[in-house]
Amino acid sequence: MPRTRPLGPLCCPDLTDVNDAIRRLMSRPPDPARAEEYGRLLELWATACPQDGSCWTTAA
């Protein structure tokens with residue numbers, strides 16, 4: 001569930017939440033919807049990763 005604050009969503013998704021969502025998604029059979037959702041989750045993951053790239057070795 002996305003974290004929020006009084007003025008709207010926080011700037012960045014939580015990496016742990018995104019990794020968990022990717023793992024759950026990969027347990028589903030492959031289909032076009034799964035592929036589309038995977039792309040969306042990878043974009044979220046890249047947004048949540050610090051600019052220095054320090055989390056790139058922790059991807060789901």
# chains A, B, ... in the order shown; residues from 1 in each chain; ligands from 1

call {"tool": "residues_around", "arguments": {"residues": "range 23-27 of chain A", "least_positions_apart": "6", "cutoff": "12 Å", "atoms": "only C-alpha atoms", "output": "ChimeraX atom specification"}}
result
/A:16-17,33-42,59-60

call {"tool": "write_last_selection", "arguments": {"atoms": "N, CA and C atoms", "output": "PDB file, in the first residue's frame"}}
result
ATOM      1  N   THR A  16      11.394  -2.145  -0.520  1.00  0.00           N
ATOM      2  CA  THR A  16      10.942  -3.451  -0.035  1.00  0.00           C
ATOM      3  C   THR A  16       9.557  -3.776  -0.574  1.00  0.00           C
ATOM      4  N   ASP A  17       8.669  -2.788  -0.573  1.00  0.00           N
ATOM      5  CA  ASP A  17       7.316  -3.004  -1.098  1.00  0.00           C
ATOM      6  C   ASP A  17       7.351  -3.341  -2.588  1.00  0.00           C
ATOM      7  N   ALA A  33      -0.590  -9.068 -19.471  1.00  0.00           N
ATOM      8  CA  ALA A  33      -0.855  -8.184 -18.328  1.00  0.00           C
ATOM      9  C   ALA A  33       0.293  -8.244 -17.321  1.00  0.00           C
ATOM     10  N   ARG A  34       0.836  -9.448 -17.102  1.00  0.00           N
ATOM     11  CA  ARG A  34       1.962  -9.586 -16.176  1.00  0.00           C
ATOM     12  C   ARG A  34       3.164  -8.827 -16.722  1.00  0.00           C
ATOM     13  N   ALA A  35       3.410  -8.928 -18.006  1.00  0.00           N
ATOM     14  CA  ALA A  35       4.549  -8.225 -18.609  1.00  0.00           C
ATOM     15  C   ALA A  35       4.402  -6.710 -18.456  1.00  0.00           C
ATOM     16  N   GLU A  36       3.198  -6.212 -18.652  1.00  0.00           N
ATOM     17  CA  GLU A  36       2.957  -4.774 -18.516  1.00  0.00           C
ATOM     18  C   GLU A  36       3.160  -4.322 -17.067  1.00  0.00           C
ATOM     19  N   GLU A  37       2.632  -5.089 -16.133  1.00  0.00           N
ATOM     20  CA  GLU A  37       2.783  -4.765 -14.717  1.00  0.00           C
ATOM     21  C   GLU A  37       4.250  -4.846 -14.292  1.00  0.00           C
ATOM     22  N   TYR A  38       4.995  -5.803 -14.823  1.00  0.00           N
ATOM     23  CA  TYR A  38       6.413  -5.928 -14.505  1.00  0.00           C
ATOM     24  C   TYR A  38       7.163  -4.663 -14.939  1.00  0.00           C
ATOM     25  N   GLY A  39       6.867  -4.176 -16.125  1.00  0.00           N
ATOM     26  CA  GLY A  39       7.493  -2.941 -16.592  1.00  0.00           C
ATOM     27  C   GLY A  39       7.179  -1.761 -15.687  1.00  0.00           C
ATOM     28  N   ARG A  40       5.929  -1.670 -15.262  1.00  0.00           N
ATOM     29  CA  ARG A  40       5.523  -0.590 -14.364  1.00  0.00           C
ATOM     30  C   ARG A  40       6.264  -0.698 -13.023  1.00  0.00           C
ATOM     31  N   LEU A  41       6.371  -1.923 -12.503  1.00  0.00           N
ATOM     32  CA  LEU A  41       7.070  -2.115 -11.233  1.00  0.00           C
ATOM     33  C   LEU A  41       8.563  -1.812 -11.354  1.00  0.00           C
ATOM     34  N   LEU A  42       9.163  -2.149 -12.486  1.00  0.00           N
ATOM     35  CA  LEU A  42      10.583  -1.822 -12.675  1.00  0.00           C
ATOM     36  C   LEU A  42      10.802  -0.315 -12.704  1.00  0.00           C
ATOM     37  N   ALA A  59      17.935  -5.924  -6.368  1.00  0.00           N
ATOM     38  CA  ALA A  59      16.672  -6.060  -7.102  1.00  0.00           C
ATOM     39  C   ALA A  59      16.072  -7.433  -6.872  1.00  0.00           C
ATOM     40  N   ALA A  60      14.741  -7.481  -6.937  1.00  0.00           N
ATOM     41  CA  ALA A  60      14.043  -8.761  -6.794  1.00  0.00           C
ATOM     42  C   ALA A  60      14.553  -9.695  -7.843  1.00  0.00           C
TER      43      ALA A  60
END

call {"tool": "atom_distance", "arguments": {"atom1": "CA of Val18 in chain A", "atom2": "CA of Pro30 in chain A"}}
result
18.7 Å

call {"tool": "atom_distance", "arguments": {"atom1": "CA of Glu43 in chain A", "atom2": "CA of Asp14 in chain A"}}
result
12.6 Å

call {"tool": "atom_distance", "arguments": {"atom1": "CA of Trp45 in chain A", "atom2": "CA of Asp31 in chain A"}}
result
20.9 Å

call {"tool": "decode", "arguments": {"residues": "range 40-51 of chain A", "atoms": "N, CA and C atoms", "output": "short mmCIF file (atom, residue, chain, number, x, y, z; two decimals), in the first residue's frame"}}
result
data_model
loop_
_atom_site.label_atom_id
_atom_site.label_comp_id
_atom_site.auth_asym_id
_atom_site.auth_seq_id
_atom_site.Cartn_x
_atom_site.Cartn_y
_atom_site.Cartn_z
N ARG A 40 5.93 -1.67 -15.26
CA ARG A 40 5.52 -0.59 -14.36
C ARG A 40 6.26 -0.70 -13.02
N LEU A 41 6.37 -1.92 -12.50
CA LEU A 41 7.07 -2.11 -11.23
C LEU A 41 8.56 -1.81 -11.35
N LEU A 42 9.16 -2.15 -12.49
CA LEU A 42 10.58 -1.82 -12.67
C LEU A 42 10.80 -0.32 -12.70
N GLU A 43 9.86 0.42 -13.30
CA GLU A 43 9.96 1.88 -13.29
C GLU A 43 9.87 2.42 -11.87
N LEU A 44 8.94 1.87 -11.08
CA LEU A 44 8.83 2.28 -9.68
C LEU A 44 10.11 1.97 -8.92
N TRP A 45 10.66 0.78 -9.18
CA TRP A 45 11.87 0.37 -8.49
C TRP A 45 13.02 1.33 -8.82
N ALA A 46 13.15 1.68 -10.09
CA ALA A 46 14.21 2.60 -10.51
C ALA A 46 14.02 3.98 -9.87
N THR A 47 12.78 4.40 -9.71
CA THR A 47 12.49 5.67 -9.06
C THR A 47 12.88 5.63 -7.59
N ALA A 48 12.64 4.51 -6.94
CA ALA A 48 12.92 4.38 -5.51
C ALA A 48 14.41 4.20 -5.22
N CYS A 49 15.16 3.71 -6.18
CA CYS A 49 16.59 3.46 -5.98
C CYS A 49 17.33 4.80 -5.89
N PRO A 50 18.22 4.95 -4.92
CA PRO A 50 18.99 6.19 -4.83
C PRO A 50 19.76 6.47 -6.13
N GLN A 51 19.98 7.74 -6.39
CA GLN A 51 20.68 8.16 -7.61
C GLN A 51 22.07 7.56 -7.73
#
